[in-house]
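A short write-up of the structure that comes next.
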Amino acid sequence: MAYWLMKSEPDAFSIDDLKRDGQTHWDGIRNYQARNYMREMQVGDAVLFYHSNCRPPGIVGTMKVIKTVYPDHTAFDPKDPHFDPKSNANQPRWEMVDLAYVSTFPKMLSLAQLRLEPALSTMFILRKGNRLSITPVTKEEWQVIFRLLESVG
DNA sequence: GCCAACGTTGGC
DNA sequence: GCCAACGTTGGC
């Protein structure tokens, strides 16, 4: 089983939206590296939910993969904000996975808090200039995050 | 709102 | 295949 982190702007889709819906398809990814990471995902993989472009940004909960990649149909829809004319049903360029809600942290772990933890300095989201919305997380990082959660809880 | 960092596009 | 221009992301 692998571990991941996925970003979403809470104005667009938040952990509360996911909790309400129970599950979602993670559509709208238009970055090859992020898509390639999704291709590696297996059912049962654990995922950190990160709120980006908000104050404060940080990890707010967890989810799990319940369906592996399949074509992202929103790329075919000219009215969709993520429409891509170079993607079509015969040759889909973009894909998505399905995710289910697992948990909401009692208190979010803010980016500032994460930066204070030396053991997390290897995380993609803490590296300068990283904008990738889907990144792998190591088992060690995952465990540190949950220890951190208990210590601040 | 600013702006650094980054990915993509397209002319050559 | 290079690289300047452009658009986007996302923390601050």
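Ligands are numbered from 1 in the order shown, chains are lettered A, B, ... in the order of the structure tokens, and residues start at 1 in each chain.
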Check: which chain A residues lie within 7 Å of chain C using only C-alpha atoms (C1' of nucleotides), as number ranges by chain: A: 52-53, 131
Just list the residues in chain A DSSP gives strand (DSSP E) on the backbone, as a PyMOL selection string. chain A and resi 3-8+23-25+46-51+58-71+95-110+134-137
